[in-house]
$ cat protein33.cif   # mmCIF, C-alpha atoms and all ligand atoms
data_model
loop_
_atom_site.label_atom_id
_atom_site.label_comp_id
_atom_site.auth_asym_id
_atom_site.auth_seq_id
_atom_site.Cartn_x
_atom_site.Cartn_y
_atom_site.Cartn_z
CA MET A 1 -6.56 -53.91 97.23
CA LYS A 2 -2.84 -54.66 97.42
CA ILE A 3 -1.21 -54.87 93.98
CA GLY A 4 2.45 -55.30 93.11
CA ILE A 5 5.36 -57.54 92.19
CA ASP A 6 4.62 -61.19 92.88
CA LYS A 7 7.72 -62.58 91.15
CA ILE A 8 10.83 -61.08 89.55
CA GLY A 9 13.38 -62.74 87.26
CA PHE A 10 16.40 -61.72 85.23
CA ALA A 11 18.34 -62.93 82.21
CA ALA A 12 21.64 -61.76 80.78
CA PRO A 13 23.45 -63.06 77.73
CA ASP A 14 26.25 -65.56 78.36
CA TYR A 15 29.13 -63.26 77.36
CA VAL A 16 30.87 -60.60 79.42
CA VAL A 17 33.80 -58.18 79.06
CA ASP A 18 35.95 -57.07 81.97
CA LEU A 19 36.14 -53.27 81.85
CA ALA A 20 39.80 -53.43 82.92
CA ASP A 21 40.48 -55.19 79.58
CA LEU A 22 38.40 -52.61 77.72
CA ALA A 23 40.29 -49.77 79.43
CA ALA A 24 43.62 -51.32 78.43
CA ALA A 25 42.47 -51.68 74.82
CA ARG A 26 41.25 -48.06 74.73
CA ASN A 27 44.37 -46.74 76.48
CA ILE A 28 42.33 -45.38 79.39
CA ASP A 29 43.14 -45.54 83.11
CA PRO A 30 41.03 -48.52 84.39
CA ASN A 31 40.09 -46.47 87.45
CA LYS A 32 38.04 -44.17 85.22
CA TYR A 33 35.63 -47.07 84.69
CA LYS A 34 36.01 -48.74 88.08
CA LEU A 35 35.88 -45.63 90.29
CA GLY A 36 34.80 -42.84 87.92
CA LEU A 37 31.77 -44.72 86.52
CA LEU A 38 31.56 -47.37 89.30
CA GLN A 39 31.30 -50.17 86.71
CA SER A 40 33.28 -53.45 86.50
CA GLU A 41 31.94 -55.54 83.61
CA MET A 42 29.51 -55.34 80.72
CA ALA A 43 27.23 -58.02 79.29
CA VAL A 44 27.59 -58.74 75.59
CA SER A 45 24.80 -60.13 73.46
CA PRO A 46 25.50 -62.19 70.31
CA VAL A 47 23.40 -61.72 67.19
CA THR A 48 21.25 -64.75 68.14
CA GLN A 49 20.16 -63.06 71.41
CA ASP A 50 17.82 -60.08 71.17
CA ILE A 51 15.17 -58.46 73.37
CA VAL A 52 12.75 -61.28 72.55
CA THR A 53 15.04 -64.15 73.59
CA LEU A 54 16.34 -62.32 76.66
CA GLY A 55 12.84 -61.28 77.72
CA ALA A 56 11.48 -64.81 77.23
CA ARG A 57 14.37 -66.24 79.24
CA ALA A 58 13.84 -63.82 82.14
CA ALA A 59 10.12 -64.64 82.22
CA GLN A 60 10.55 -68.39 81.82
CA ALA A 61 12.71 -68.38 84.95
CA ILE A 62 9.77 -67.25 87.12
CA LEU A 63 6.57 -68.49 85.49
CA THR A 64 4.72 -71.71 86.28
CA ASP A 65 2.31 -73.40 83.88
CA LEU A 66 -0.54 -72.08 86.05
CA ASP A 67 0.75 -68.49 85.71
CA LYS A 68 0.69 -68.94 81.92
CA THR A 69 -3.01 -69.80 82.05
CA GLN A 70 -3.75 -66.71 84.22
CA ILE A 71 -1.70 -64.00 82.48
CA ASP A 72 -3.95 -61.88 80.28
CA MET A 73 -1.55 -59.08 79.44
CA VAL A 74 2.11 -59.07 78.37
CA ILE A 75 3.89 -55.71 78.30
CA VAL A 76 7.44 -55.30 77.01
CA GLY A 77 9.22 -52.03 77.73
CA THR A 78 12.15 -51.56 75.36
CA GLU A 79 14.08 -49.15 73.20
CA SER A 80 15.81 -51.94 71.25
CA SER A 81 12.82 -53.11 69.22
CA VAL A 82 13.30 -55.85 66.62
CA ASP A 83 10.39 -54.59 64.50
CA GLN A 84 8.76 -51.21 63.88
CA SER A 85 5.31 -52.75 63.86
CA LYS A 86 5.01 -56.10 65.62
CA ALA A 87 5.47 -55.96 69.39
CA ALA A 88 8.22 -58.07 70.97
CA ALA A 89 5.54 -59.05 73.50
CA VAL A 90 3.72 -61.02 70.78
CA PHE A 91 6.82 -63.12 70.03
CA ILE A 92 7.37 -63.64 73.76
CA HIS A 93 3.74 -64.55 74.37
CA GLY A 94 4.11 -67.28 71.74
CA LEU A 95 7.49 -68.57 72.93
CA LEU A 96 6.24 -68.88 76.52
CA GLY A 97 2.95 -70.54 75.59
CA ILE A 98 0.75 -68.03 77.43
CA GLN A 99 -3.00 -68.63 76.99
CA PRO A 100 -4.28 -66.97 73.82
CA PHE A 101 -6.87 -64.54 75.25
CA ALA A 102 -4.27 -61.97 76.26
CA ARG A 103 -3.24 -58.46 75.23
CA SER A 104 0.44 -58.18 74.17
CA ILE A 105 2.04 -54.80 73.60
CA GLU A 106 5.35 -52.94 73.52
CA MET A 107 5.93 -49.63 75.31
CA LYS A 108 8.60 -47.07 74.47
CA GLU A 109 10.05 -44.02 76.15
CA ALA A 110 13.79 -44.66 76.38
CA CYS A 111 14.74 -46.22 79.72
CA TYR A 112 11.39 -45.30 81.26
CA GLY A 113 9.13 -47.58 79.14
CA ALA A 114 8.88 -50.53 81.53
CA THR A 115 7.96 -48.27 84.45
CA ALA A 116 4.96 -47.09 82.42
CA GLY A 117 4.27 -50.78 81.82
CA LEU A 118 4.28 -51.44 85.54
CA SER A 119 1.73 -48.66 86.12
CA LEU A 120 -0.51 -49.99 83.36
CA ALA A 121 -0.25 -53.48 84.86
CA LYS A 122 -1.27 -52.11 88.24
CA SER A 123 -4.36 -50.39 86.78
CA HIS A 124 -5.29 -53.58 84.92
CA ILE A 125 -5.13 -55.68 88.10
CA ALA A 126 -7.20 -53.05 89.94
CA GLN A 127 -9.88 -53.62 87.28
CA PHE A 128 -9.46 -57.41 86.99
CA PRO A 129 -8.10 -58.65 90.35
CA ASP A 130 -7.95 -62.32 89.34
CA SER A 131 -5.70 -61.77 86.35
CA LYS A 132 -1.90 -61.55 86.19
CA VAL A 133 0.22 -59.24 84.06
CA LEU A 134 3.69 -60.06 82.80
CA VAL A 135 5.86 -56.93 82.55
CA ILE A 136 9.23 -57.35 80.84
CA ALA A 137 11.99 -54.77 80.51
CA SER A 138 14.40 -55.96 77.82
CA ASP A 139 17.18 -54.01 76.11
CA ILE A 140 20.58 -54.15 74.48
CA ALA A 141 22.60 -50.96 75.00
CA LYS A 142 25.14 -50.38 72.24
CA TYR A 143 26.98 -47.08 72.00
CA GLY A 144 29.67 -48.00 69.49
CA ILE A 145 33.35 -48.88 69.64
CA ALA A 146 35.53 -46.36 71.49
CA SER A 147 32.54 -44.06 72.09
CA GLY A 148 32.11 -42.17 75.38
CA GLY A 149 29.31 -44.49 76.45
CA GLU A 150 31.09 -47.73 75.45
CA PRO A 151 32.03 -48.78 79.02
CA THR A 152 28.38 -48.34 80.08
CA GLN A 153 26.98 -50.75 77.47
CA GLY A 154 25.06 -53.83 78.59
CA ALA A 155 22.30 -56.29 77.71
CA GLY A 156 19.64 -58.10 79.66
CA ALA A 157 16.02 -58.38 80.68
CA VAL A 158 14.00 -58.26 83.87
CA ALA A 159 10.58 -59.92 84.05
CA MET A 160 7.99 -59.15 86.71
CA LEU A 161 4.68 -60.80 87.40
CA VAL A 162 2.19 -58.21 88.66
CA THR A 163 -0.76 -59.53 90.68
CA ALA A 164 -3.14 -58.78 93.53
CA ASN A 165 -1.76 -59.78 96.96
CA PRO A 166 1.83 -59.96 95.66
CA ARG A 167 4.49 -61.95 97.49
CA ILE A 168 7.47 -59.61 97.01
CA MET A 169 6.41 -55.96 96.93
CA VAL A 170 3.20 -53.97 97.20
CA LEU A 171 3.29 -50.93 94.93
CA ASN A 172 1.90 -47.76 96.51
CA ASN A 173 -0.33 -45.23 94.77
CA ASP A 174 2.02 -42.27 95.19
CA ASN A 175 3.48 -41.95 91.69
CA VAL A 176 4.70 -38.55 90.49
CA CYS A 177 5.95 -38.10 86.92
CA GLN A 178 7.64 -35.34 84.95
CA THR A 179 7.95 -34.87 81.18
CA ARG A 180 10.56 -32.59 79.60
CA ASP A 181 11.01 -32.26 75.85
CA ILE A 182 14.83 -32.37 75.64
CA MET A 183 17.45 -33.96 73.42
CA ASP A 184 19.89 -35.60 75.82
CA PHE A 185 19.90 -39.09 74.30
CA TRP A 186 17.93 -40.32 71.27
CA ARG A 187 18.22 -42.70 68.34
CA PRO A 188 16.78 -41.64 65.00
CA ASN A 189 15.28 -44.47 62.92
CA TYR A 190 18.21 -44.32 60.50
CA ASP A 191 20.89 -44.67 63.20
CA LYS A 192 22.30 -47.89 64.67
CA TYR A 193 23.63 -46.20 67.77
CA PRO A 194 22.16 -43.46 69.94
CA ARG A 195 23.13 -39.83 69.71
CA ILE A 196 24.05 -38.46 73.09
CA ASP A 197 24.77 -35.15 74.70
CA GLY A 198 26.60 -36.92 77.53
CA ARG A 199 27.14 -34.17 80.07
CA PHE A 200 23.71 -32.64 79.42
CA SER A 201 22.12 -36.08 79.95
CA THR A 202 23.78 -36.48 83.35
CA GLU A 203 22.62 -33.00 84.41
CA GLN A 204 19.06 -33.68 83.24
CA TYR A 205 18.95 -37.02 85.05
CA THR A 206 19.79 -35.30 88.32
CA ASN A 207 17.67 -32.21 87.77
CA CYS A 208 14.60 -34.27 86.85
CA LEU A 209 15.19 -36.25 90.05
CA THR A 210 15.53 -33.28 92.41
CA THR A 211 12.55 -31.38 90.97
CA THR A 212 10.30 -34.44 90.83
CA PHE A 213 11.30 -35.47 94.34
CA ASP A 214 10.36 -31.97 95.61
CA HIS A 215 6.96 -32.38 94.00
CA TYR A 216 6.66 -35.95 95.36
CA GLN A 217 7.38 -34.71 98.90
CA GLN A 218 4.78 -31.95 98.58
CA LYS A 219 2.17 -34.35 97.24
CA THR A 220 2.74 -37.26 99.63
CA GLY A 221 4.28 -35.66 102.71
CA LYS A 222 6.94 -38.39 102.67
CA THR A 223 10.62 -37.63 103.32
CA LEU A 224 13.79 -39.68 102.82
CA ALA A 225 13.51 -40.79 106.46
CA ASP A 226 10.49 -42.90 105.42
CA PHE A 227 12.55 -45.12 103.15
CA ALA A 228 14.79 -48.08 103.92
CA ALA A 229 16.36 -48.05 100.45
CA MET A 230 16.26 -46.36 97.07
CA CYS A 231 16.49 -47.90 93.60
CA LEU A 232 17.28 -45.59 90.71
CA HIS A 233 17.70 -45.95 86.99
CA ILE A 234 21.34 -46.98 86.64
CA PRO A 235 22.86 -45.94 83.29
CA PHE A 236 26.14 -46.47 85.15
CA SER A 237 26.35 -46.82 88.90
CA LYS A 238 28.06 -43.50 89.64
CA GLN A 239 25.13 -41.66 88.05
CA GLY A 240 22.72 -43.29 90.48
CA LEU A 241 24.96 -42.46 93.42
CA LYS A 242 25.13 -38.81 92.34
CA GLY A 243 21.35 -38.72 92.08
CA LEU A 244 20.94 -40.10 95.56
CA GLN A 245 23.47 -37.62 96.92
CA ALA A 246 21.61 -34.75 95.23
CA ILE A 247 18.34 -35.46 97.05
CA GLY A 248 20.03 -36.55 100.27
CA LYS A 249 22.26 -33.58 100.98
CA LYS A 250 19.80 -31.95 103.39
CA ASP A 251 19.35 -35.19 105.38
CA PRO A 252 22.81 -36.71 106.08
CA GLU A 253 21.45 -39.44 108.38
CA SER A 254 19.06 -40.80 105.75
CA LEU A 255 21.71 -40.36 103.08
CA GLU A 256 24.15 -42.53 105.01
CA ARG A 257 21.61 -45.34 105.41
CA LEU A 258 20.41 -45.10 101.80
CA THR A 259 23.99 -45.06 100.51
CA GLU A 260 24.74 -48.35 102.32
CA ARG A 261 21.68 -49.90 100.67
CA PHE A 262 22.58 -48.28 97.33
CA HIS A 263 25.83 -50.23 97.19
CA GLU A 264 23.84 -53.46 97.67
CA ALA A 265 21.46 -52.31 94.95
CA ILE A 266 24.19 -51.98 92.30
CA VAL A 267 25.95 -55.32 92.77
CA TYR A 268 24.37 -56.75 89.58
CA ASN A 269 24.30 -53.48 87.62
CA LYS A 270 28.08 -53.18 88.02
CA LEU A 271 28.47 -56.60 86.37
CA VAL A 272 25.89 -56.19 83.61
CA GLY A 273 26.01 -52.54 82.50
CA ASN A 274 23.13 -50.41 81.34
CA ILE A 275 20.11 -52.46 80.33
CA TYR A 276 18.05 -49.31 79.75
CA THR A 277 14.41 -50.11 80.72
CA GLY A 278 15.48 -52.93 83.03
CA SER A 279 18.26 -51.13 84.92
CA ILE A 280 16.07 -49.85 87.75
CA PHE A 281 14.47 -53.27 88.22
CA LEU A 282 17.84 -55.03 88.08
CA SER A 283 18.81 -52.66 90.87
CA LEU A 284 15.73 -53.75 92.84
CA LEU A 285 16.67 -57.39 92.33
CA SER A 286 20.22 -56.66 93.42
CA LEU A 287 18.97 -54.90 96.55
CA LEU A 288 16.59 -57.71 97.48
CA GLU A 289 19.14 -60.47 96.90
CA ASN A 290 22.19 -58.77 98.41
CA SER A 291 20.93 -56.78 101.39
CA ARG A 292 20.76 -58.34 104.82
CA ALA A 293 19.46 -55.10 106.36
CA LEU A 294 16.01 -55.04 104.79
CA LYS A 295 12.94 -56.37 106.53
CA PRO A 296 9.29 -56.93 105.63
CA ALA A 297 7.16 -53.76 105.42
CA ASP A 298 10.25 -51.66 104.64
CA GLN A 299 9.50 -48.97 102.10
CA VAL A 300 11.65 -48.63 98.95
CA LEU A 301 11.78 -45.43 96.88
CA PHE A 302 12.18 -45.62 93.08
CA TYR A 303 13.43 -43.13 90.50
CA SER A 304 12.88 -44.14 86.90
CA TYR A 305 14.40 -41.93 84.17
CA GLY A 306 14.16 -42.21 80.41
CA SER A 307 15.96 -39.73 78.21
CA GLY A 308 13.95 -37.42 76.10
CA ALA A 309 12.76 -37.20 78.93
CA VAL A 310 10.16 -38.78 81.21
CA CYS A 311 10.76 -39.72 84.82
CA GLU A 312 8.71 -41.14 87.65
CA ILE A 313 9.10 -41.42 91.40
CA PHE A 314 7.10 -44.08 93.18
CA SER A 315 7.42 -46.49 96.09
CA GLY A 316 6.72 -50.00 97.26
CA ASN A 317 6.64 -51.95 100.51
CA LEU A 318 8.30 -55.32 101.05
CA VAL A 319 6.00 -58.21 101.86
CA GLU A 320 6.57 -60.68 104.71
CA GLY A 321 8.49 -63.69 103.33
CA TYR A 322 9.68 -61.87 100.16
CA GLN A 323 13.08 -63.57 100.51
CA ASP A 324 11.50 -66.94 99.59
CA TYR A 325 10.84 -65.77 96.03
CA LEU A 326 14.40 -64.74 95.09
CA GLN A 327 17.43 -66.53 93.63
CA PRO A 328 20.28 -66.46 96.17
CA ASP A 329 22.94 -67.93 93.81
CA ARG A 330 22.53 -65.29 91.08
CA LEU A 331 25.99 -63.82 91.64
CA GLU A 332 27.50 -67.27 91.09
CA VAL A 333 25.51 -67.65 87.87
CA LEU A 334 26.79 -64.27 86.65
CA LYS A 335 30.35 -65.36 87.40
CA GLN A 336 29.91 -68.36 85.09
CA ARG A 337 29.49 -66.19 81.97
CA THR A 338 32.12 -66.56 79.23
CA ARG A 339 34.77 -63.83 79.41
CA LEU A 340 35.55 -62.29 76.03
CA ASN A 341 38.75 -60.53 75.06
CA VAL A 342 38.22 -57.14 73.46
CA SER A 343 38.62 -58.25 69.85
CA ASP A 344 36.07 -61.08 70.32
CA TYR A 345 33.71 -58.60 72.00
CA GLU A 346 34.02 -56.23 69.05
CA ARG A 347 33.33 -59.05 66.62
CA ILE A 348 30.37 -60.56 68.54
CA PHE A 349 28.59 -57.46 69.86
CA PHE A 350 28.68 -55.56 66.60
CA GLU A 351 28.04 -58.47 64.25
CA GLU A 352 25.09 -57.89 61.94
CA ILE A 353 22.76 -60.37 60.29
CA GLN A 354 23.40 -60.56 56.56
CA LEU A 355 20.30 -61.07 54.41
CA ASP A 356 20.21 -62.46 50.87
CA GLU A 357 17.98 -61.06 48.10
CA THR A 358 14.92 -62.99 49.45
CA GLY A 359 15.30 -61.41 52.91
CA SER A 360 16.66 -64.61 54.44
CA SER A 361 19.67 -64.83 56.69
CA ILE A 362 22.92 -66.47 55.77
CA GLN A 363 23.73 -69.10 58.48
CA LEU A 364 23.56 -67.67 62.04
CA PRO A 365 26.00 -68.89 64.71
CA GLU A 366 25.02 -71.85 66.91
CA ASP A 367 23.42 -70.82 70.21
CA SER A 368 22.42 -73.28 72.93
CA SER A 369 20.60 -70.71 75.12
CA PRO A 370 17.02 -71.54 76.24
CA PHE A 371 15.68 -69.20 73.54
CA ALA A 372 17.53 -68.15 70.40
CA LEU A 373 17.01 -66.48 67.06
CA THR A 374 17.73 -69.27 64.56
CA LYS A 375 17.17 -67.49 61.26
CA ILE A 376 15.39 -64.81 59.33
CA GLU A 377 13.26 -66.18 56.50
CA ASN A 378 11.53 -63.87 54.03
CA HIS A 379 12.17 -61.04 56.53
CA GLN A 380 10.48 -62.99 59.35
CA ARG A 381 12.40 -63.65 62.56
CA ILE A 382 12.30 -67.34 63.53
CA TYR A 383 12.97 -68.20 67.17
CA ARG A 384 13.68 -71.50 68.84
CA LYS A 385 12.83 -72.63 72.37
CA ALA A 386 15.27 -75.28 73.63
P1 LIG A 401 33.29 -39.19 79.83
O1 LIG A 401 33.00 -37.79 79.43
O2 LIG A 401 34.24 -39.96 79.00
O3 LIG A 401 33.77 -39.30 81.32
O4 LIG A 401 31.95 -40.00 79.86
P2 LIG A 401 34.13 -38.15 82.37
O5 LIG A 401 35.35 -37.42 81.90
O6 LIG A 401 32.90 -37.34 82.71
O7 LIG A 401 34.54 -39.08 83.60
C1 LIG A 401 33.58 -39.87 84.20
C2 LIG A 401 33.95 -39.91 85.67
O8 LIG A 401 35.18 -40.62 85.83
C3 LIG A 401 34.18 -38.54 86.30
O9 LIG A 401 33.70 -38.64 87.61
C4 LIG A 401 35.71 -38.42 86.32
O10 LIG A 401 36.19 -37.54 87.32
C5 LIG A 401 36.07 -39.85 86.64
P3 LIG A 401 32.77 -37.47 88.20
O11 LIG A 401 33.60 -36.24 88.24
O12 LIG A 401 31.63 -37.34 87.22
O13 LIG A 401 32.34 -37.97 89.53
N1 LIG A 401 37.45 -40.22 86.22
C6 LIG A 401 38.28 -40.93 86.99
N2 LIG A 401 38.11 -41.47 88.23
C7 LIG A 401 39.16 -42.18 88.75
N3 LIG A 401 40.34 -42.36 88.07
C8 LIG A 401 40.54 -41.83 86.85
C9 LIG A 401 39.47 -41.09 86.27
N4 LIG A 401 39.32 -40.45 85.08
C10 LIG A 401 38.08 -39.90 85.07
N5 LIG A 401 41.70 -42.02 86.22
C11 LIG A 401 29.57 -39.93 80.14
C12 LIG A 401 30.91 -39.87 80.82
C13 LIG A 401 28.46 -40.10 81.13
C14 LIG A 401 29.32 -38.61 79.37
C15 LIG A 401 29.57 -41.12 79.13
O14 LIG A 401 29.76 -42.33 79.82
C16 LIG A 401 28.30 -41.21 78.32
O15 LIG A 401 28.10 -40.51 77.34
N6 LIG A 401 27.41 -42.13 78.71
C17 LIG A 401 26.12 -42.33 78.07
C18 LIG A 401 25.07 -41.34 78.56
C19 LIG A 401 24.63 -41.61 79.97
O16 LIG A 401 24.79 -42.71 80.49
N7 LIG A 401 24.00 -40.61 80.62
C20 LIG A 401 23.46 -40.80 81.95
C21 LIG A 401 22.21 -39.95 82.19
S1 LIG A 401 21.03 -40.15 80.85
C22 LIG A 401 20.27 -41.69 81.24
O17 LIG A 401 20.43 -42.21 82.30
C23 LIG A 401 19.44 -42.33 80.16
C24 LIG A 401 20.09 -43.47 79.41
O18 LIG A 401 20.10 -44.65 80.19
C25 LIG A 401 19.38 -43.71 78.07
C26 LIG A 401 17.87 -43.87 78.07
O19 LIG A 401 17.12 -43.29 78.85
O20 LIG A 401 17.44 -44.56 77.13
C27 LIG A 401 21.54 -43.18 79.05
#
$ encode --input "protein33.cif" --output "structure tokens" --more "lines below"
Ligand code: HMG
Amino acid sequence: MKIGIDKIGFAAPDYVVDLADLAAARNIDPNKYKLGLLQSEMAVSPVTQDIVTLGARAAQAILTDLDKTQIDMVIVGTESSVDQSKAAAVFIHGLLGIQPFARSIEMKEACYGATAGLSLAKSHIAQFPDSKVLVIASDIAKYGIASGGEPTQGAGAVAMLVTANPRIMVLNNDNVCQTRDIMDFWRPNYDKYPRIDGRFSTEQYTNCLTTTFDHYQQKTGKTLADFAAMCLHIPFSKQGLKGLQAIGKKDPESLERLTERFHEAIVYNKLVGNIYTGSIFLSLLSLLENSRALKPADQVLFYSYGSGAVCEIFSGNLVEGYQDYLQPDRLEVLKQRTRLNVSDYERIFFEEIQLDETGSSIQLPEDSSPFALTKIENHQRIYRKA
């Protein structure tokens, strides 16, 4: 049975910061961000937009009423949870009006969580071919003002509908994973921002890729020549490029082709920043919507990496007519976001909800987005659908 991605959607908050402005404010050469990290802009999420509202918005963009009667599992991969106990998927299930007899769960392993969600979705469809699974990767990456990771921050969500006989991509059964107990990037429960061993994290990203790809080649017999494109986890675009170069150095011809596709696969990531669990799938969306070189049946290679660390290499094949299920004006939509100056970014991105003694929020800012957090009442988050 063919199982895979039937639909894919994306949502980013409405605010953005130009990294040239950030570089000026931090007294850093703008080329460090533009050429050194290969990033141009970062999405900024106000306090009224969290992983629930962004995830719901990404899903709403692709789901029909019929889909909502057929989905029987909602999986949210995230490392920016809004609650230690209740899954964001439960809030999203309610906001979208998905039929009640569904399983809704949250999955965590840094940036890797949604990839695990995709695998679980695939197994579920293999067991129940008539059902549909909604997989959402939703995150807000905050590293702190003037921190090393600041220019790689971002926010956004990717939603994928996983079904039998998918219309965009068939996922193959060639997955190879690796787990390594390391401390390259983590966020203790008592910390607002992650702790990072920056250089170590970049080395581990690449080493996990090269060693897992060796194992993948041994197991599947596939080589880079089999792939039309590669999508990687993109913490910042230069990291992905270095990863591709690391596995491509013995095959310059494939590397050249995959590098051309890579630049099409980072068009959106460069404008959004790191969205943790969703970054690899935003890269897929960017590839599909910006490449003119791809054709049906082409095989795409994936490298998902989550610090801590777990990674996975897998592949998928494009389906005839996949172009009909994309959004060709997405770049225009991204260009319509509100540009913030650096002081407004610092105020908006790092604003925190103040609670009174009853656990209720003091007046939150107005937000006209399709989904928004309107208040916290007795410690309960209250969302609104426009
Ligand atoms: P840094 O140490 O400030 O930067 O931060 P740098 O000095 O390493 O410079 C970065 C690049 O810019 C270098 O390029 C410089 O040469 C270049 P490279 O040599 O690496 O190719 N550069 C310039 N280029 C042109 N003109 C200039 C200029 N100046 C410098 N004037 C660091 C880099 C990655 C450490 C930082 O951004 C950071 O801490 N980021 C967060 C951690 C991260 O993203 N790690 C990636 C791997 S781990 C991962 O992917 C998982 C993650 O997504 C989390 C999760 O799984 O949940 C992060």
$ atom_distance --input "protein33.cif" --atom1 "atom CA of A:Met183" --atom2 "atom CA of A:Ser307"
7.6 Å
$ axis_aligned_box --input "protein33.cif" --around "ligand LIG 401 (chain A)" --padding-each-side "5 Å" --output "lines of an AutoDock Vina configuration file"
center_x = 29.4
center_y = -40.4
center_z = 83.3
size_x = 34.6
size_y = 18.4
size_z = 22.4
$ residues_near_ligand --input "protein33.cif" --ligand "ligand LIG 401 (chain A)" --cutoff "8 Å" --atoms "all atoms listed in the file" --output "VMD selection string"
chain A and resid 28 to 37 79 109 to 112 143 147 to 152 184 to 186 196 to 205 233 to 236 238 to 239 242 274 to 277 305 to 309
$ atom_distance --input "protein33.cif" --atom1 "atom CA of A:Ala265" --atom2 "atom CA of A:Asp329"
15.7 Å
$ atom_distance --input "protein33.cif" --atom1 "atom CA of A:Ala56" --atom2 "atom CA of A:Tyr322"
23.2 Å
$ residues_around --input "protein33.cif" --residues "stretch 349-359 of chain A" --least-positions-apart "2" --cutoff "8 Å" --atoms "only C-alpha atoms" --output "list in words"
Val44, Ser45, Pro46, Val47, Tyr345, Glu346, Arg347, Ser361, Ile362, Leu364, Ile376, Glu377, Asn378 and His379 of chain A
$ residues_around --input "protein33.cif" --residues "A:Asp65" --least-positions-apart "5" --cutoff "12 Å" --atoms "all atoms listed in the file" --output "list in words"
Ala59, Gln60, Gln70, Ile71, Leu96, Gly97, Ile98 and Gln99 of chain A
$ closest_residue --input "protein33.cif" --among "A:Ala229, A:Ala58, A:Ala137, A:Leu171" --to "A:Lys122" --atoms "only C-alpha atoms"
A:Leu171
$ closest_residue --input "protein33.cif" --among "A:Ile168, A:Ser131, A:Cys177, A:Lys270" --to "A:Leu66" --atoms "only C-alpha atoms"
A:Ser131
$ closest_residue --input "protein33.cif" --among "A:Val135, A:Ala23, A:Ala155, A:Leu118" --to "A:Ala88" --atoms "all atoms listed in the file"
A:Val135
$ closest_residue --input "protein33.cif" --among "A:Leu209, A:Val133, A:Leu19, A:Ile247" --to "A:Gln153" --atoms "only C-alpha atoms"
A:Leu19
$ residues_around --input "protein33.cif" --residues "A:Lys385" --least-positions-apart "3" --cutoff "8 Å" --atoms "all atoms listed in the file" --output "JSON, numbers by chain"
{"A": [95, 370, 371, 372]}
$ residues_around --input "protein33.cif" --residues "stretch 282-284 of chain A" --least-positions-apart "2" --cutoff "8 Å" --atoms "all atoms listed in the file" --output "PyMOL selection string"
chain A and resi 10+158+231-234+265-269+278-280+286-288
$ build_atoms --input "protein33.cif" --residues "stretch 183-194 of chain A" --atoms "N, CA and C atoms" --output "PDB file, in the coordinates of the input"
ATOM      1  N   MET A 183      16.676 -33.031  74.253  1.00  0.00           N
ATOM      2  CA  MET A 183      17.450 -33.960  73.420  1.00  0.00           C
ATOM      3  C   MET A 183      18.754 -34.275  74.155  1.00  0.00           C
ATOM      4  N   ASP A 184      18.682 -35.211  75.079  1.00  0.00           N
ATOM      5  CA  ASP A 184      19.890 -35.600  75.820  1.00  0.00           C
ATOM      6  C   ASP A 184      20.436 -36.933  75.309  1.00  0.00           C
ATOM      7  N   PHE A 185      19.537 -37.758  74.793  1.00  0.00           N
ATOM      8  CA  PHE A 185      19.900 -39.090  74.300  1.00  0.00           C
ATOM      9  C   PHE A 185      18.736 -39.521  73.422  1.00  0.00           C
ATOM     10  N   TRP A 186      19.009 -39.897  72.172  1.00  0.00           N
ATOM     11  CA  TRP A 186      17.930 -40.320  71.270  1.00  0.00           C
ATOM     12  C   TRP A 186      18.540 -41.172  70.174  1.00  0.00           C
ATOM     13  N   ARG A 187      17.697 -41.907  69.451  1.00  0.00           N
ATOM     14  CA  ARG A 187      18.220 -42.700  68.340  1.00  0.00           C
ATOM     15  C   ARG A 187      17.275 -42.601  67.161  1.00  0.00           C
ATOM     16  N   PRO A 188      17.631 -41.771  66.179  1.00  0.00           N
ATOM     17  CA  PRO A 188      16.780 -41.640  65.000  1.00  0.00           C
ATOM     18  C   PRO A 188      16.628 -42.997  64.296  1.00  0.00           C
ATOM     19  N   ASN A 189      15.535 -43.185  63.576  1.00  0.00           N
ATOM     20  CA  ASN A 189      15.280 -44.470  62.920  1.00  0.00           C
ATOM     21  C   ASN A 189      16.414 -44.911  62.009  1.00  0.00           C
ATOM     22  N   TYR A 190      17.153 -43.949  61.447  1.00  0.00           N
ATOM     23  CA  TYR A 190      18.210 -44.320  60.500  1.00  0.00           C
ATOM     24  C   TYR A 190      19.546 -44.589  61.170  1.00  0.00           C
ATOM     25  N   ASP A 191      19.610 -44.475  62.507  1.00  0.00           N
ATOM     26  CA  ASP A 191      20.890 -44.670  63.200  1.00  0.00           C
ATOM     27  C   ASP A 191      20.935 -46.006  63.934  1.00  0.00           C
ATOM     28  N   LYS A 192      22.107 -46.645  63.906  1.00  0.00           N
ATOM     29  CA  LYS A 192      22.300 -47.890  64.670  1.00  0.00           C
ATOM     30  C   LYS A 192      22.541 -47.600  66.133  1.00  0.00           C
ATOM     31  N   TYR A 193      23.251 -46.523  66.389  1.00  0.00           N
ATOM     32  CA  TYR A 193      23.630 -46.200  67.770  1.00  0.00           C
ATOM     33  C   TYR A 193      22.992 -44.875  68.182  1.00  0.00           C
ATOM     34  N   PRO A 194      22.800 -44.704  69.501  1.00  0.00           N
ATOM     35  CA  PRO A 194      22.160 -43.460  69.940  1.00  0.00           C
ATOM     36  C   PRO A 194      23.053 -42.241  69.749  1.00  0.00           C
TER      37      PRO A 194
END
